[in-house]
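Please read the structure below before turning to the comments.
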Amino acid sequence: MTAALIWCPFGDVESAEAAAGQLLEERLIACANILPAIRSLYRWNGERGKGSEVAVLFKTRADLLDAAVARLEALHPYDAPAISGWRCDAAGVATLGWLGAECGPLLP
Amino acid sequence: MTAALIWCPFGDVESAEAAAGQLLEERLIACANILPAIRSLYRWNGERGKGSEVAVLFKTRADLLDAAVARLEALHPYDAPAISGWRCDAAGVATLGWLGAECGPLLP
Amino acid sequence: MTAALIWCPFGDVESAEAAAGQLLEERLIACANILPAIRSLYRWNGERGKGSEVAVLFKTRADLLDAAVARLEALHPYDAPAISGWRCDAAGVATLGWLGAECGPLLP
């Protein structure tokens with residue numbers, strides 16, 4: 001079992017917490033670190049834009065990464081949220097135990 | 001096409017925004033999330049140091065990662081900026097569409 | 001030689017700085033970027049929880065990643081810290097020079 005991380009900005013803390021809460025309930029993640037007050041510069045429809053956002057780093061397992069990204073995309077209030085996920089190469093022993101217990105399907 | 005991310009601190013928001021703006025203009029990235037007010041502890045020339053910085057997470061494509069890192073290194077005001085980039089293993093469907101449209105060479 | 005990154009939250013800045021300082025002294029990392037004031041939503045022992053934390057992104061080398069994660073787990077004040085590490089695919093030329101000089105065993 002390997003850890004995985006997902007980075008995704010939101011427009012505000014409320015929508016970030018709502019999506020994180022739902023993903024926690026559905027056991028697709030074990031934790032969400034919410035970083036308030038980031039500043040974003042971007043291109044959208046060929047134009048430059050900038051704005052204030054909230055960034056979230058979601059912690060999950062590699063075997064749940066695709067499902068968590070797809071569910072997050074469905075839950076996110078943006079039409080085209082910027083969701084980037086990656087598998088980890090190392091994790092704490094206790095981290096893996098925690099991920100195994102707190103996300104993924106509940107064992108009978 | 002796969003997403004990729006680059007993490008790089010700057011000395012201040014102005015230089016972070018200047019570099020991000022140039023990389024956006026050159027279509028080497030599609031977005032920069034700027035995280036103000038980080039505290040850095042480091043080793044430099046064998047000595048310990050600490051200071052305040054601004055962190056930036058740049059979003060690009062895996063096929064542009066090396067070019068974006070090289071250009072960022074040239075643009076960065078530090079002599080030896082700490083630039084770390086990695087390919088992602090998953091991304092939102094709309095995220096990939098956005099990256100395809102907003103960075104990389106303009107199609108005729 | 002390749003760069004690697006480790007993400008790990010702490011309960012407060014003091015414990016984050018203490019662990020970062022020890023890893024720097026032991027040349028297991030070359031830098032720690034400390035992001036103050038993150039908000040964490042998580043599952044622990046089957047229950048939902050939330051709290052304030054400090055996030056740290058540690059910079060090291062791929063060949064030191066496992067040792068740095070294991071040492072961080074031993075140093076961390078939590079019983080089960082969330083430690084996630086990953087190898088990078090690209091880094092600045094000067095970044096690799098700095099990582100080579102500032103972490104890893106001292107050459108005779």
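In the structure tokens, the first chain shown is A, the next is B, and so on; residue numbers restart at 1 for each chain, and ligands run from 1 in the order shown.
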
(message) From a backbone DSSP assignment, name each residue in chain A labelled alpha helix (DSSP H), as a ChimeraX atom specification.
(response) /A:13-25,65-75,93-102

(message) Give me, as a ChimeraX atom specification, the residues of chain C that a backbone DSSP run labels strand (DSSP E).
(response) /C:3-10,31-44,47-61,84-87,90-91

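The list of chain A residues within 6 Å of chain C is Ala30, Cys31, Ala32, Asn33, Ile34, Leu35, Cys88, Asp89, Ala90, Ala91, Gly92, Ala94 and Thr95 of chain A; this uses only C-alpha atoms.
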
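Atom pair atom CA of B:Lys59 / atom CA of A:Phe10: separated by 15.0 Å.
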
(message) Please compute the atom CA of A:Gly11-atom CA of B:Leu24 distance, one decimal, in Å.
(response)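 Separating atom CA of A:Gly11 from atom CA of B:Leu24 is a distance of 20.8 Å.
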
(request) Just give me the gap between atom CA of A:Leu106 and atom CA of B:Val93 in Å, one decimal is fine. (result) 27.9 Å
